[in-house]
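Have a look at data_31.cif below; it lists mmCIF, C-alpha atoms.
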data_run
loop_
_atom_site.group_PDB
_atom_site.id
_atom_site.type_symbol
_atom_site.label_atom_id
_atom_site.label_comp_id
_atom_site.auth_asym_id
_atom_site.auth_seq_id
_atom_site.Cartn_x
_atom_site.Cartn_y
_atom_site.Cartn_z
ATOM 1 C CA MET A 1 137.332 -4.572 39.601
ATOM 2 C CA ALA A 2 138.099 -2.127 36.843
ATOM 3 C CA LYS A 3 139.804 -2.405 33.505
ATOM 4 C CA LEU A 4 142.115 0.110 31.865
ATOM 5 C CA THR A 5 142.788 -0.022 28.121
ATOM 6 C CA PHE A 6 145.767 1.952 26.796
ATOM 7 C CA LYS A 7 146.009 3.271 23.256
ATOM 8 C CA THR A 8 149.748 2.803 23.527
ATOM 9 C CA ASP A 9 150.718 4.475 20.256
ATOM 10 C CA PHE A 10 148.996 7.731 21.320
ATOM 11 C CA CYS A 11 151.035 7.914 24.548
ATOM 12 C CA LYS A 12 153.759 10.579 24.746
ATOM 13 C CA GLY A 13 155.233 9.298 28.007
ATOM 14 C CA CYS A 14 154.612 12.548 29.926
ATOM 15 C CA GLY A 15 153.851 10.603 33.104
ATOM 16 C CA LEU A 16 150.988 12.827 34.305
ATOM 17 C CA CYS A 17 148.803 9.721 34.737
ATOM 18 C CA VAL A 18 151.501 8.094 36.887
ATOM 19 C CA ASP A 19 151.303 10.986 39.362
ATOM 20 C CA ALA A 20 147.496 11.205 39.181
ATOM 21 C CA CYS A 21 146.873 7.590 40.278
ATOM 22 C CA PRO A 22 145.921 7.662 43.979
ATOM 23 C CA LYS A 23 147.064 4.037 44.375
ATOM 24 C CA LYS A 24 150.328 4.477 42.430
ATOM 25 C CA LEU A 25 149.516 1.620 40.052
ATOM 26 C CA LEU A 26 150.823 3.164 36.842
ATOM 27 C CA ARG A 27 154.344 3.366 35.466
ATOM 28 C CA LEU A 28 156.177 4.289 32.300
ATOM 29 C CA ALA A 29 157.420 1.097 30.652
ATOM 30 C CA ASN A 30 161.129 1.860 30.289
ATOM 31 C CA GLU A 31 161.777 -1.368 28.371
ATOM 32 C CA LYS A 32 159.158 -0.553 25.687
ATOM 33 C CA ILE A 33 159.102 2.055 22.937
ATOM 34 C CA ASN A 34 155.955 2.984 21.026
ATOM 35 C CA LYS A 35 155.484 4.226 17.467
ATOM 36 C CA LYS A 36 156.191 7.824 18.504
ATOM 37 C CA GLY A 37 159.415 6.815 20.290
ATOM 38 C CA HIS A 38 158.157 7.305 23.841
ATOM 39 C CA HIS A 39 158.061 4.957 26.811
ATOM 40 C CA PRO A 40 154.312 4.312 27.094
ATOM 41 C CA ALA A 41 152.341 4.247 30.345
ATOM 42 C CA GLU A 42 151.039 0.913 31.602
ATOM 43 C CA ILE A 43 149.318 -0.492 34.676
ATOM 44 C CA THR A 44 151.298 -2.669 37.050
ATOM 45 C CA ASP A 45 148.452 -4.359 38.934
ATOM 46 C CA GLN A 46 145.114 -4.415 37.094
ATOM 47 C CA SER A 47 143.304 -6.208 39.941
ATOM 48 C CA ALA A 48 144.067 -3.396 42.424
ATOM 49 C CA CYS A 49 142.585 -0.672 40.179
ATOM 50 C CA VAL A 50 139.300 0.787 41.444
ATOM 51 C CA GLY A 51 138.475 2.638 38.209
ATOM 52 C CA CYS A 52 138.472 6.177 39.627
ATOM 53 C CA ALA A 53 139.564 7.425 36.160
ATOM 54 C CA SER A 54 141.936 10.043 37.639
ATOM 55 C CA CYS A 55 144.635 8.888 35.203
ATOM 56 C CA ALA A 56 142.289 9.222 32.238
ATOM 57 C CA LEU A 57 141.146 12.699 33.360
ATOM 58 C CA MET A 58 144.761 13.847 33.630
ATOM 59 C CA CYS A 59 145.942 12.314 30.331
ATOM 60 C CA PRO A 60 146.309 15.063 27.694
ATOM 61 C CA ASP A 61 146.101 12.560 24.820
ATOM 62 C CA CYS A 62 143.046 10.428 25.695
ATOM 63 C CA VAL A 63 145.207 7.303 25.858
ATOM 64 C CA ILE A 64 143.290 5.589 28.640
ATOM 65 C CA GLN A 65 139.804 4.087 28.495
ATOM 66 C CA VAL A 66 138.314 3.066 31.823
ATOM 67 C CA GLU A 67 135.717 0.337 32.385
ATOM 68 C CA ARG A 68 134.192 -0.473 35.723
ATOM 69 C CA MET B 69 131.489 -3.704 32.888
ATOM 70 C CA ALA B 70 130.455 -0.288 31.681
ATOM 71 C CA VAL B 71 132.775 2.218 30.091
ATOM 72 C CA VAL B 72 133.180 5.087 32.565
ATOM 73 C CA PHE B 73 135.757 7.089 30.627
ATOM 74 C CA GLN B 74 136.597 7.212 26.947
ATOM 75 C CA LYS B 75 137.637 9.694 24.280
ATOM 76 C CA PRO B 76 134.685 12.023 23.594
ATOM 77 C CA LYS B 77 132.996 11.701 20.201
ATOM 78 C CA ALA B 78 133.580 15.374 19.391
ATOM 79 C CA LEU B 79 137.352 14.742 19.458
ATOM 80 C CA ALA B 80 138.813 13.043 16.372
ATOM 81 C CA ASP B 81 140.621 9.750 16.827
ATOM 82 C CA ILE B 82 144.036 11.001 15.706
ATOM 83 C CA PRO B 83 147.179 11.776 17.733
ATOM 84 C CA MET B 84 147.588 15.457 18.622
ATOM 85 C CA HIS B 85 150.796 17.322 17.748
ATOM 86 C CA TYR B 86 151.203 18.911 21.193
ATOM 87 C CA CYS B 87 154.362 18.311 23.235
ATOM 88 C CA PRO B 88 154.320 15.588 25.908
ATOM 89 C CA GLY B 89 152.486 16.835 29.000
ATOM 90 C CA CYS B 90 150.987 19.888 27.276
ATOM 91 C CA THR B 91 147.637 20.706 28.841
ATOM 92 C CA HIS B 92 146.142 21.771 25.502
ATOM 93 C CA GLY B 93 145.109 18.108 25.110
ATOM 94 C CA ILE B 94 143.181 18.196 28.395
ATOM 95 C CA ILE B 95 141.412 21.452 27.463
ATOM 96 C CA HIS B 96 140.547 20.098 23.980
ATOM 97 C CA ARG B 97 139.031 17.059 25.639
ATOM 98 C CA LEU B 98 136.999 19.127 28.126
ATOM 99 C CA VAL B 99 135.530 21.219 25.303
ATOM 100 C CA ALA B 100 134.721 18.052 23.319
ATOM 101 C CA GLU B 101 133.106 16.419 26.366
ATOM 102 C CA VAL B 102 130.913 19.484 26.897
ATOM 103 C CA ILE B 103 129.896 19.474 23.203
ATOM 104 C CA ASP B 104 128.968 15.786 23.556
ATOM 105 C CA GLU B 105 127.028 16.281 26.783
ATOM 106 C CA LEU B 106 125.030 19.214 25.423
ATOM 107 C CA GLY B 107 124.408 17.312 22.161
ATOM 108 C CA ILE B 108 125.407 20.288 19.989
ATOM 109 C CA GLU B 109 128.102 18.777 17.771
ATOM 110 C CA GLY B 110 126.008 19.136 14.612
ATOM 111 C CA LYS B 111 125.467 22.875 15.020
ATOM 112 C CA THR B 112 128.724 23.918 16.663
ATOM 113 C CA ILE B 113 131.257 25.977 14.733
ATOM 114 C CA GLY B 114 134.671 26.443 16.328
ATOM 115 C CA ILE B 115 137.130 29.187 15.465
ATOM 116 C CA ALA B 116 140.767 28.086 15.624
ATOM 117 C CA PRO B 117 143.463 30.627 16.512
ATOM 118 C CA VAL B 118 147.083 31.103 15.528
ATOM 119 C CA GLY B 119 149.510 29.598 17.999
ATOM 120 C CA CYS B 120 150.136 26.062 19.226
ATOM 121 C CA SER B 121 146.442 25.266 18.826
ATOM 122 C CA VAL B 122 146.445 26.500 15.213
ATOM 123 C CA MET B 123 145.600 22.973 14.094
ATOM 124 C CA ALA B 124 142.692 22.549 16.504
ATOM 125 C CA TYR B 125 140.484 22.168 13.420
ATOM 126 C CA ASN B 126 142.057 18.743 12.873
ATOM 127 C CA TYR B 127 141.054 17.537 16.320
ATOM 128 C CA PHE B 128 137.471 18.694 16.805
ATOM 129 C CA THR B 129 134.880 16.871 14.719
ATOM 130 C CA CYS B 130 132.545 19.893 14.601
ATOM 131 C CA ASP B 131 132.940 22.453 11.818
ATOM 132 C CA MET B 132 135.939 24.720 12.299
ATOM 133 C CA ILE B 133 137.201 27.941 10.738
ATOM 134 C CA GLU B 134 140.802 29.112 10.943
ATOM 135 C CA ALA B 135 141.057 32.801 11.864
ATOM 136 C CA ALA B 136 143.823 35.286 11.145
ATOM 137 C CA HIS B 137 146.031 35.913 14.172
ATOM 138 C CA GLY B 138 143.888 37.238 17.023
ATOM 139 C CA ARG B 139 140.770 37.741 14.944
ATOM 140 C CA ALA B 140 138.811 34.745 16.204
ATOM 141 C CA PRO B 141 136.221 36.805 18.180
ATOM 142 C CA ALA B 142 135.579 38.946 15.068
ATOM 143 C CA ILE B 143 135.012 35.850 12.912
ATOM 144 C CA ALA B 144 132.895 34.297 15.655
ATOM 145 C CA THR B 145 130.784 37.472 15.700
ATOM 146 C CA GLY B 146 130.129 37.146 11.968
ATOM 147 C CA VAL B 147 129.338 33.442 12.119
ATOM 148 C CA LYS B 148 127.043 33.847 15.102
ATOM 149 C CA ARG B 149 125.192 36.856 13.693
ATOM 150 C CA SER B 150 124.662 35.170 10.334
ATOM 151 C CA ASP B 151 122.423 32.530 11.906
ATOM 152 C CA PRO B 152 122.108 33.078 15.660
ATOM 153 C CA GLU B 153 119.362 30.490 16.181
ATOM 154 C CA ASN B 154 121.108 27.512 14.646
ATOM 155 C CA HIS B 155 124.785 28.000 15.442
ATOM 156 C CA ILE B 156 126.780 27.529 18.607
ATOM 157 C CA VAL B 157 130.069 29.359 18.103
ATOM 158 C CA PHE B 158 133.174 29.052 20.231
ATOM 159 C CA THR B 159 136.709 30.351 19.848
ATOM 160 C CA TYR B 160 139.753 28.575 21.224
ATOM 161 C CA GLN B 161 142.631 31.003 21.715
ATOM 162 C CA GLY B 162 145.988 31.192 23.431
ATOM 163 C CA ASP B 163 147.423 34.148 25.305
ATOM 164 C CA GLY B 164 149.677 35.229 22.447
ATOM 165 C CA ASP B 165 146.589 35.317 20.221
ATOM 166 C CA LEU B 166 143.861 36.698 22.479
ATOM 167 C CA ALA B 167 145.862 38.940 24.826
ATOM 168 C CA SER B 168 148.241 40.622 22.376
ATOM 169 C CA ILE B 169 147.347 40.923 18.696
ATOM 170 C CA GLY B 170 143.708 39.984 19.318
ATOM 171 C CA MET B 171 143.129 42.228 22.332
ATOM 172 C CA ALA B 172 140.997 44.758 20.447
ATOM 173 C CA GLU B 173 138.730 42.062 18.986
ATOM 174 C CA THR B 174 138.355 40.401 22.386
ATOM 175 C CA VAL B 175 137.556 43.578 24.306
ATOM 176 C CA HIS B 176 135.043 44.785 21.736
ATOM 177 C CA ALA B 177 133.335 41.395 21.396
ATOM 178 C CA ALA B 178 132.975 41.429 25.201
ATOM 179 C CA ALA B 179 131.794 45.053 25.240
ATOM 180 C CA ARG B 180 129.133 44.244 22.601
ATOM 181 C CA ASN B 181 128.137 41.166 24.631
ATOM 182 C CA GLU B 182 128.303 38.974 21.540
ATOM 183 C CA ASN B 183 126.594 35.669 22.245
ATOM 184 C CA ILE B 184 129.746 33.552 21.802
ATOM 185 C CA THR B 185 131.929 31.340 23.990
ATOM 186 C CA VAL B 186 135.652 32.057 24.285
ATOM 187 C CA ILE B 187 138.089 29.476 25.635
ATOM 188 C CA PHE B 188 141.250 31.398 26.536
ATOM 189 C CA VAL B 189 144.320 29.247 27.236
ATOM 190 C CA ASN B 190 146.860 31.245 29.257
ATOM 191 C CA ASN B 191 150.300 29.648 29.560
ATOM 192 C CA ALA B 192 152.279 32.888 29.962
ATOM 193 C CA ILE B 193 154.459 32.341 26.906
ATOM 194 C CA TYR B 194 154.414 32.171 23.110
ATOM 195 C CA GLY B 195 154.613 28.402 22.675
ATOM 196 C CA MET B 196 154.589 27.748 18.933
ATOM 197 C CA THR B 197 157.215 30.307 17.958
ATOM 198 C CA GLY B 198 159.701 29.012 20.502
ATOM 199 C CA GLY B 199 159.031 30.576 23.885
ATOM 200 C CA GLN B 200 159.097 34.350 23.509
ATOM 201 C CA MET B 201 157.717 36.715 26.142
ATOM 202 C CA ALA B 202 153.928 37.084 25.963
ATOM 203 C CA PRO B 203 151.685 39.844 27.365
ATOM 204 C CA THR B 204 150.891 37.396 30.165
ATOM 205 C CA SER B 205 154.489 36.389 31.030
ATOM 206 C CA LEU B 206 155.101 36.894 34.736
ATOM 207 C CA PRO B 207 157.520 39.507 36.153
ATOM 208 C CA GLY B 208 160.926 37.828 36.382
ATOM 209 C CA GLN B 209 159.929 34.984 34.065
ATOM 210 C CA ILE B 210 162.761 33.812 31.833
ATOM 211 C CA THR B 211 161.825 33.507 28.160
ATOM 212 C CA GLN B 212 163.711 33.633 24.866
ATOM 213 C CA THR B 213 163.230 37.389 24.632
ATOM 214 C CA SER B 214 163.704 38.076 28.352
ATOM 215 C CA PRO B 215 166.726 35.867 29.168
ATOM 216 C CA TYR B 216 167.359 37.723 32.451
ATOM 217 C CA GLY B 217 163.699 37.554 33.456
ATOM 218 C CA ARG B 218 160.855 39.897 32.479
ATOM 219 C CA ASP B 219 161.674 43.360 33.747
ATOM 220 C CA PRO B 220 158.418 45.295 34.337
ATOM 221 C CA LYS B 221 160.317 48.609 34.049
ATOM 222 C CA LEU B 222 161.241 47.753 30.483
ATOM 223 C CA CYS B 223 158.367 45.484 29.354
ATOM 224 C CA GLY B 224 155.478 46.505 31.574
ATOM 225 C CA TYR B 225 153.332 44.217 33.673
ATOM 226 C CA PRO B 226 151.379 41.156 32.553
ATOM 227 C CA ILE B 227 147.709 41.631 31.696
ATOM 228 C CA ARG B 228 145.003 39.974 33.759
ATOM 229 C CA VAL B 229 142.369 39.461 31.085
ATOM 230 C CA CYS B 230 139.448 38.340 33.286
ATOM 231 C CA GLU B 231 139.896 41.247 35.721
ATOM 232 C CA MET B 232 140.168 43.711 32.857
ATOM 233 C CA LEU B 233 137.052 42.469 31.035
ATOM 234 C CA SER B 234 135.079 42.334 34.288
ATOM 235 C CA GLN B 235 135.169 46.166 34.335
ATOM 236 C CA LEU B 236 133.005 46.209 31.195
ATOM 237 C CA GLU B 237 129.219 46.235 31.363
ATOM 238 C CA GLY B 238 129.017 43.838 28.424
ATOM 239 C CA PRO B 239 130.191 40.338 29.277
ATOM 240 C CA GLU B 240 127.860 37.798 30.829
ATOM 241 C CA TYR B 241 130.303 35.361 32.372
ATOM 242 C CA LEU B 242 134.036 35.416 33.100
ATOM 243 C CA GLU B 243 135.841 32.727 35.040
ATOM 244 C CA ARG B 244 139.447 31.690 35.510
ATOM 245 C CA VAL B 245 140.210 28.002 36.054
ATOM 246 C CA THR B 246 143.242 25.754 35.742
ATOM 247 C CA VAL B 247 143.860 22.130 34.776
ATOM 248 C CA ASN B 248 146.856 21.190 36.918
ATOM 249 C CA SER B 249 145.091 18.556 39.039
ATOM 250 C CA VAL B 250 142.160 16.166 38.801
ATOM 251 C CA ALA B 251 140.013 18.391 41.064
ATOM 252 C CA ASN B 252 140.841 21.500 39.034
ATOM 253 C CA ILE B 253 140.071 19.670 35.775
ATOM 254 C CA ARG B 254 136.583 18.855 37.075
ATOM 255 C CA LYS B 255 136.046 22.532 38.017
ATOM 256 C CA ALA B 256 137.332 23.652 34.619
ATOM 257 C CA LYS B 257 134.847 21.397 32.858
ATOM 258 C CA LYS B 258 132.002 22.841 34.909
ATOM 259 C CA ALA B 259 133.048 26.368 33.896
ATOM 260 C CA ILE B 260 133.339 25.454 30.203
ATOM 261 C CA LYS B 261 129.935 23.777 30.295
ATOM 262 C CA LYS B 262 128.401 26.873 31.846
ATOM 263 C CA ALA B 263 130.008 29.049 29.162
ATOM 264 C CA PHE B 264 128.391 26.941 26.407
ATOM 265 C CA GLN B 265 125.057 26.752 28.265
ATOM 266 C CA ASN B 266 125.001 30.559 28.540
ATOM 267 C CA GLN B 267 125.263 30.772 24.780
ATOM 268 C CA ILE B 268 122.472 28.230 24.260
ATOM 269 C CA ASP B 269 120.315 30.274 26.663
ATOM 270 C CA GLY B 270 121.140 33.436 24.709
ATOM 271 C CA LYS B 271 122.769 35.178 27.665
ATOM 272 C CA GLY B 272 125.815 36.551 25.873
ATOM 273 C CA PHE B 273 129.618 36.705 25.962
ATOM 274 C CA SER B 274 131.211 34.006 28.118
ATOM 275 C CA LEU B 275 134.970 33.676 28.539
ATOM 276 C CA VAL B 276 136.743 30.914 30.430
ATOM 277 C CA GLU B 277 140.432 31.556 31.036
ATOM 278 C CA VAL B 278 142.300 28.293 31.560
ATOM 279 C CA VAL B 279 145.681 28.719 33.267
ATOM 280 C CA SER B 280 147.785 26.204 31.410
ATOM 281 C CA SER B 281 151.361 24.917 31.262
ATOM 282 C CA CYS B 282 154.102 24.863 28.642
ATOM 283 C CA PRO B 283 156.694 22.346 29.856
ATOM 284 C CA THR B 284 158.830 22.664 26.713
ATOM 285 C CA ASN B 285 159.282 26.432 26.717
ATOM 286 C CA TRP B 286 159.262 26.818 30.480
ATOM 287 C CA GLY B 287 162.125 24.301 30.369
ATOM 288 C CA MET B 288 160.840 21.804 32.911
ATOM 289 C CA THR B 289 159.198 18.401 33.183
ATOM 290 C CA PRO B 290 155.395 18.180 32.796
ATOM 291 C CA GLN B 291 155.123 17.449 36.534
ATOM 292 C CA ALA B 292 157.267 20.452 37.504
ATOM 293 C CA ALA B 293 155.253 22.632 35.116
ATOM 294 C CA LEU B 294 151.989 21.732 36.860
ATOM 295 C CA LYS B 295 153.591 22.614 40.196
ATOM 296 C CA TRP B 296 154.928 25.865 38.707
ATOM 297 C CA ILE B 297 151.308 26.816 37.922
ATOM 298 C CA ASP B 298 150.427 26.466 41.609
ATOM 299 C CA ASP B 299 153.547 28.275 42.838
ATOM 300 C CA ASN B 300 153.814 31.136 40.336
ATOM 301 C CA MET B 301 150.814 31.465 38.027
ATOM 302 C CA ILE B 302 147.929 31.178 40.521
ATOM 303 C CA PRO B 303 149.282 33.896 42.895
ATOM 304 C CA TYR B 304 149.329 36.352 39.958
ATOM 305 C CA TYR B 305 146.233 34.966 38.213
ATOM 306 C CA PRO B 306 143.844 34.043 41.059
ATOM 307 C CA LEU B 307 141.174 31.483 40.146
ATOM 308 C CA GLY B 308 137.504 32.261 40.447
ATOM 309 C CA VAL B 309 134.420 33.787 38.875
ATOM 310 C CA TYR B 310 135.031 37.401 37.848
ATOM 311 C CA LYS B 311 131.638 38.141 36.426
ATOM 312 C CA ASP B 312 128.364 36.238 36.349
ATOM 313 C CA ARG B 313 125.602 38.670 35.512
ATOM 314 C CA THR B 314 122.754 36.183 35.930
ATOM 315 C CA ALA B 315 123.960 35.266 39.425
ATOM 316 C CA GLU B 316 124.378 38.982 40.286
ATOM 317 C CA GLN B 317 120.833 39.729 39.133
ATOM 318 C CA GLU B 318 119.492 36.765 41.106
ATOM 319 C CA ALA B 319 121.319 37.990 44.210
ATOM 320 C CA ALA B 320 119.980 41.520 43.746
ATOM 321 C CA LYS B 321 116.362 40.309 43.743
#
Represent the supplied structure as structure tokens.
Amino acid sequence: MAKLTFKTDFCKGCGLCVDACPKKLLRLANEKINKKGHHPAEITDQSACVGCASCALMCPDCVIQVER
Amino acid sequence: MAVVFQKPKALADIPMHYCPGCTHGIIHRLVAEVIDELGIEGKTIGIAPVGCSVMAYNYFTCDMIEAAHGRAPAIATGVKRSDPENHIVFTYQGDGDLASIGMAETVHAAARNENITVIFVNNAIYGMTGGQMAPTSLPGQITQTSPYGRDPKLCGYPIRVCEMLSQLEGPEYLERVTVNSVANIRKAKKAIKKAFQNQIDGKGFSLVEVVSSCPTNWGMTPQAALKWIDDNMIPYYPLGVYKDRTAEQEAAK
């Protein structure tokens, strides 16, 4: 069981984390807009996350904090 | 639960100005993580370049100096020589900075084997000024100033900085890495850490060339840009260690 915390207002919606997730658990929230005007990344199924931190390694803006 | 990944302490908690998907953010973070791990934040002085990363001094929490265009290795030389025992000096430069206007400073700092660390971000284009052709733009690459693709007959061939510097006796360590996948990011961090460790050990000039992307000026999505690195950049700029004098001396024993 792992926990991801998103600093949503830092997210630029580039989607690199979405592609980096080996379990395809991330998505860009098309119905949300953050302070910068981007669709921020979010996790779809927190319980399935193993905390590999691939998304956080790939994120250029340090949006994601990973706990495990 | 323990925190296994968070923003490094050597990176300020403010949003960066880079375009979405720009790998500058990843490279900034790798440098900051290395500074944290080596515990050298208090004595590190970074030299910021001119280019997209001109405002790098806002993002690193160590002391930073802004250099004139291309002159970062010259300023780093002065800072390092003024107090070599107590300062760790690194420069962070793009290809438009290091490989064109700053070429002389770079080559001579390497030839003198100055004990500094150079992080060279190569994205084959001038990013900040709007996507003009750089000394590292690939043959056939479309840029603002080569709209029909770079013609080597007219503009010459791109410069491979690591290969060129490896011909000098001076430099201690030269490696080319990229950050287009999780595995490559881990390798890049290892190379950057080694470049800083070399300086702490007093070994001399270390340069890590990071093959990077520029989704905005290449005119593609961040995902396509990372793939473009694999398909076009890596064949022209092969990854690997180009010089590691300590390892060569060990092998010769």
As a short mmCIF file (atom, residue, chain, number, x, y, z; two decimals) with C-alpha atoms, in the coordinates of the input, please: the residues near A:His39 (cut-off 7 Å, all atoms listed in the file, same-chain neighbours under 6 positions excluded).
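Printed below is around.cif as written:
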data_model
loop_
_atom_site.label_atom_id
_atom_site.label_comp_id
_atom_site.auth_asym_id
_atom_site.auth_seq_id
_atom_site.Cartn_x
_atom_site.Cartn_y
_atom_site.Cartn_z
CA GLY A 13 155.23 9.30 28.01
CA LEU A 28 156.18 4.29 32.30
CA ALA A 29 157.42 1.10 30.65
CA ASN A 30 161.13 1.86 30.29
CA LYS A 32 159.16 -0.55 25.69
CA ILE A 33 159.10 2.06 22.94
#
If the cut-off is 6 Å, can you tell me the residues of chain B near chain A, counting only C-alpha atoms? I'd like them as an NGL selection string. :B and (69-75 or 83 or 88-89 or 91 or 93-94)
Run the PyMOL selection byres ((chain B and resi 310-319) around 7) against the file shown and list the residues it catches, as an MDAnalysis selection string. chainID B and resid 230:231 234 240:243 308:309 320:321
Let me know the residues the PyMOL selection byres ((chain B and resi 274) around 12) catches in the file above, as a CSV table (one decimal) with C-alpha atoms, in the coordinates of the input.
chain,number,residue,atom,x,y,z
B,141,PRO,CA,136.2,36.8,18.2
B,157,VAL,CA,130.1,29.4,18.1
B,158,PHE,CA,133.2,29.1,20.2
B,159,THR,CA,136.7,30.4,19.8
B,174,THR,CA,138.4,40.4,22.4
B,177,ALA,CA,133.3,41.4,21.4
B,178,ALA,CA,133.0,41.4,25.2
B,179,ALA,CA,131.8,45.1,25.2
B,180,ARG,CA,129.1,44.2,22.6
B,181,ASN,CA,128.1,41.2,24.6
B,182,GLU,CA,128.3,39.0,21.5
B,183,ASN,CA,126.6,35.7,22.2
B,184,ILE,CA,129.7,33.6,21.8
B,185,THR,CA,131.9,31.3,24.0
B,186,VAL,CA,135.7,32.1,24.3
B,187,ILE,CA,138.1,29.5,25.6
B,188,PHE,CA,141.2,31.4,26.5
B,230,CYS,CA,139.4,38.3,33.3
B,233,LEU,CA,137.1,42.5,31.0
B,234,SER,CA,135.1,42.3,34.3
B,238,GLY,CA,129.0,43.8,28.4
B,239,PRO,CA,130.2,40.3,29.3
B,240,GLU,CA,127.9,37.8,30.8
B,241,TYR,CA,130.3,35.4,32.4
B,242,LEU,CA,134.0,35.4,33.1
B,243,GLU,CA,135.8,32.7,35.0
B,244,ARG,CA,139.4,31.7,35.5
B,259,ALA,CA,133.0,26.4,33.9
B,260,ILE,CA,133.3,25.5,30.2
B,261,LYS,CA,129.9,23.8,30.3
B,262,LYS,CA,128.4,26.9,31.8
B,263,ALA,CA,130.0,29.0,29.2
B,264,PHE,CA,128.4,26.9,26.4
B,265,GLN,CA,125.1,26.8,28.3
B,266,ASN,CA,125.0,30.6,28.5
B,267,GLN,CA,125.3,30.8,24.8
B,268,ILE,CA,122.5,28.2,24.3
B,269,ASP,CA,120.3,30.3,26.7
B,270,GLY,CA,121.1,33.4,24.7
B,271,LYS,CA,122.8,35.2,27.7
B,272,GLY,CA,125.8,36.6,25.9
B,273,PHE,CA,129.6,36.7,26.0
B,275,LEU,CA,135.0,33.7,28.5
B,276,VAL,CA,136.7,30.9,30.4
B,277,GLU,CA,140.4,31.6,31.0
B,309,VAL,CA,134.4,33.8,38.9
B,310,TYR,CA,135.0,37.4,37.8
B,311,LYS,CA,131.6,38.1,36.4
B,312,ASP,CA,128.4,36.2,36.3
B,313,ARG,CA,125.6,38.7,35.5
B,314,THR,CA,122.8,36.2,35.9
Apply the PyMOL selection byres ((chain A and resi 43) around 7) to the displayed file and report the matching residues as a count of residues only. 7
So, counting all atoms listed in the file, which residue among B:Glu173, B:Glu109, B:Asp151, B:Glu101 is closest to B:Asp131? B:Glu109
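Counting from atom CA of B:Tyr225, the distance to atom CA of B:Cys120 is 23.4 Å.
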What does the structure give for the distance between atom CA of B:His176 and atom CA of B:Arg139, in Å to one decimal? 11.3 Å
Using 8 Å of padding on each side, determine the axis-aligned box around all atoms of stretch 23-37 of chain A present in the file and give its centre and edge lengths in Å to one decimal, as AutoDock Vina command-line options.
--center_x 154.4 --center_y 3.2 --center_z 30.9 --size_x 30.7 --size_y 25.2 --size_z 42.9
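When all atoms listed in the file are used to measure the gap to A:Lys7, the shortest distance among A:Lys23, A:Glu31, A:Ser47, A:Pro40 belongs to A:Pro40.
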